[in-house]
Amino acid sequence: MNYISDILFWISTGLLVPVVVLLILFFLRSLLLLGNFFGQYLQTRKTDKVFREKIMNLTSETLDDFRKSLPENPKSPLLKTLVLLMDSADSRPRRQLLLSDYEVAADKDMALSKTLSKMGPMLGLMGTLIPMGPALVGLSTGDISSMAYNMQVAFATTVVGLFSAAIGFITQQVKQRWYTQDLNRLEFVSEVLDGREPR
């Protein structure tokens, strides 16, 4: 039984370095995500300010004016899809494909946020539990410095894991709301192009 316990201890101890490396990578990715999220927020706010009212008041009679108001080379994913939708006014299947592609692109954009929010706590917990074994050994042998070091690693990995998860969770929630709103508007425009009342 001691042999099996030693094997498990060696395995868990060997996982500490990969877990710490992954947590550092997650921390760096969360900082990059936060910067990109802020830029996306500014772009979304600007687009919403300019086109929200135009989309809400869109009718079959104002479609031509709305198309002229769209930029030719938009940077916003929403505006790009709107331009493609307006250019595909005579093809409902193509518009459905564009809406599906936008949904896939939105899910892809949220993938990092989902990964951080789910994997951050897992890696943080692993980084907490793995050093606890050596810390308890140090406590039993009176090696206080070893115990203190391992406890420091345990707490640090917990904080980094939770920080990454928090960034991922917050950005995922906000982006999900943005993309849901955008899809509703795109579907509305597609319905107007069909000449029907929106559902």
# chains A, B, ... in the order shown; residues from 1 in each chain; ligands from 1
>>> residues_around(residues="stretch 184-186 of chain A", least_positions_apart="4", cutoff="9 Å", atoms="only C-alpha atoms", output="PyMOL selection string")
chain A and resi 52+55-56+78+81-82+85+99+179-180+190-191
>>> write_last_selection(atoms="C-alpha atoms", output="PDB file, in the first residue's frame")
ATOM      1  CA  ARG A  52     -28.959  51.167 -33.010  1.00  0.00           C
ATOM      2  CA  ILE A  55     -31.845  49.378 -37.175  1.00  0.00           C
ATOM      3  CA  MET A  56     -34.781  49.821 -34.797  1.00  0.00           C
ATOM      4  CA  LEU A  78     -21.692  43.306 -36.880  1.00  0.00           C
ATOM      5  CA  THR A  81     -22.323  41.001 -41.581  1.00  0.00           C
ATOM      6  CA  LEU A  82     -24.891  43.756 -42.118  1.00  0.00           C
ATOM      7  CA  LEU A  85     -26.806  40.731 -45.575  1.00  0.00           C
ATOM      8  CA  LEU A  99     -26.281  34.424 -39.722  1.00  0.00           C
ATOM      9  CA  TYR A 179     -23.593  38.683 -29.520  1.00  0.00           C
ATOM     10  CA  THR A 180     -27.162  37.780 -28.585  1.00  0.00           C
ATOM     11  CA  SER A 190     -33.032  39.711 -42.601  1.00  0.00           C
ATOM     12  CA  GLU A 191     -36.763  39.633 -41.902  1.00  0.00           C
TER      13      GLU A 191
END
>>> closest_atom_pairs(of="stretch 5-87 of chain A", to="stretch 126-145 of chain A", cutoff="12 Å", atoms="only C-alpha atoms", output="JSON lines")
{"residue": "A:Ser5", "atom": "CA", "partner": "A:Gly133", "partner_atom": "CA", "distance": 11.6}
{"residue": "A:Asp6", "atom": "CA", "partner": "A:Gly133", "partner_atom": "CA", "distance": 11.3}
{"residue": "A:Leu8", "atom": "CA", "partner": "A:Ile130", "partner_atom": "CA", "distance": 10.9}
{"residue": "A:Phe9", "atom": "CA", "partner": "A:Gly133", "partner_atom": "CA", "distance": 7.9}
{"residue": "A:Trp10", "atom": "CA", "partner": "A:Ile130", "partner_atom": "CA", "distance": 10.2}
{"residue": "A:Ile11", "atom": "CA", "partner": "A:Ile130", "partner_atom": "CA", "distance": 9.8}
{"residue": "A:Ser12", "atom": "CA", "partner": "A:Ile130", "partner_atom": "CA", "distance": 6.1}
{"residue": "A:Thr13", "atom": "CA", "partner": "A:Ile130", "partner_atom": "CA", "distance": 6.1}
{"residue": "A:Gly14", "atom": "CA", "partner": "A:Ile130", "partner_atom": "CA", "distance": 9.1}
{"residue": "A:Leu15", "atom": "CA", "partner": "A:Ile130", "partner_atom": "CA", "distance": 7.9}
{"residue": "A:Leu16", "atom": "CA", "partner": "A:Ile130", "partner_atom": "CA", "distance": 6.4}
{"residue": "A:Val17", "atom": "CA", "partner": "A:Gly127", "partner_atom": "CA", "distance": 9.1}
{"residue": "A:Pro18", "atom": "CA", "partner": "A:Gly127", "partner_atom": "CA", "distance": 9.7}
{"residue": "A:Val19", "atom": "CA", "partner": "A:Gly127", "partner_atom": "CA", "distance": 6.3}
{"residue": "A:Val20", "atom": "CA", "partner": "A:Gly127", "partner_atom": "CA", "distance": 6.8}
{"residue": "A:Val21", "atom": "CA", "partner": "A:Gly127", "partner_atom": "CA", "distance": 10.4}
{"residue": "A:Leu22", "atom": "CA", "partner": "A:Gly127", "partner_atom": "CA", "distance": 10.2}
{"residue": "A:Leu23", "atom": "CA", "partner": "A:Gly127", "partner_atom": "CA", "distance": 8.6}
{"residue": "A:Ile24", "atom": "CA", "partner": "A:Gly127", "partner_atom": "CA", "distance": 11.5}
>>> write_last_selection(atoms="C-alpha atoms", output="PDB file, in the first residue's frame")
ATOM      1  CA  SER A   5       0.858   5.839  -2.162  1.00  0.00           C
ATOM      2  CA  ASP A   6       4.421   6.758  -3.106  1.00  0.00           C
ATOM      3  CA  LEU A   8       0.562   8.692  -6.431  1.00  0.00           C
ATOM      4  CA  PHE A   9       2.691  11.179  -4.500  1.00  0.00           C
ATOM      5  CA  TRP A  10       5.369  11.211  -7.204  1.00  0.00           C
ATOM      6  CA  ILE A  11       2.752  11.658  -9.932  1.00  0.00           C
ATOM      7  CA  SER A  12       1.023  14.546  -8.158  1.00  0.00           C
ATOM      8  CA  THR A  13       4.339  16.214  -7.311  1.00  0.00           C
ATOM      9  CA  GLY A  14       5.470  15.872 -10.932  1.00  0.00           C
ATOM     10  CA  LEU A  15       2.326  17.680 -12.068  1.00  0.00           C
ATOM     11  CA  LEU A  16       3.153  20.805 -10.064  1.00  0.00           C
ATOM     12  CA  VAL A  17       5.511  22.354 -12.633  1.00  0.00           C
ATOM     13  CA  PRO A  18       3.124  21.860 -15.620  1.00  0.00           C
ATOM     14  CA  VAL A  19       0.255  23.256 -13.542  1.00  0.00           C
ATOM     15  CA  VAL A  20       2.264  26.341 -12.541  1.00  0.00           C
ATOM     16  CA  VAL A  21       3.378  26.907 -16.151  1.00  0.00           C
ATOM     17  CA  LEU A  22      -0.216  26.644 -17.381  1.00  0.00           C
ATOM     18  CA  LEU A  23      -1.394  29.047 -14.689  1.00  0.00           C
ATOM     19  CA  ILE A  24       1.228  31.588 -15.754  1.00  0.00           C
TER      20      ILE A  24
END
>>> residues_around(residues="A:Thr59", least_positions_apart="6", cutoff="9 Å", atoms="only C-alpha atoms", output="list in words")
Val189, Val192, Leu193 and Gly195 of chain A
>>> write_last_selection(atoms="C-alpha atoms", output="mmCIF file, in the first residue's frame")
data_model
loop_
_atom_site.group_PDB
_atom_site.id
_atom_site.type_symbol
_atom_site.label_atom_id
_atom_site.label_comp_id
_atom_site.auth_asym_id
_atom_site.auth_seq_id
_atom_site.Cartn_x
_atom_site.Cartn_y
_atom_site.Cartn_z
ATOM 1 C CA VAL A 189 -32.736 43.047 -40.798
ATOM 2 C CA VAL A 192 -37.174 43.171 -43.210
ATOM 3 C CA LEU A 193 -35.318 42.134 -46.364
ATOM 4 C CA GLY A 195 -40.571 42.029 -46.759
#
>>> closest_residue(among="A:Ile170, A:Met119, A:Leu125, A:Tyr149", to="A:Leu25", atoms="only C-alpha atoms")
A:Met119
>>> atom_distance(atom1="atom CA of A:Phe27", atom2="atom CA of A:Ala105")
24.0 Å
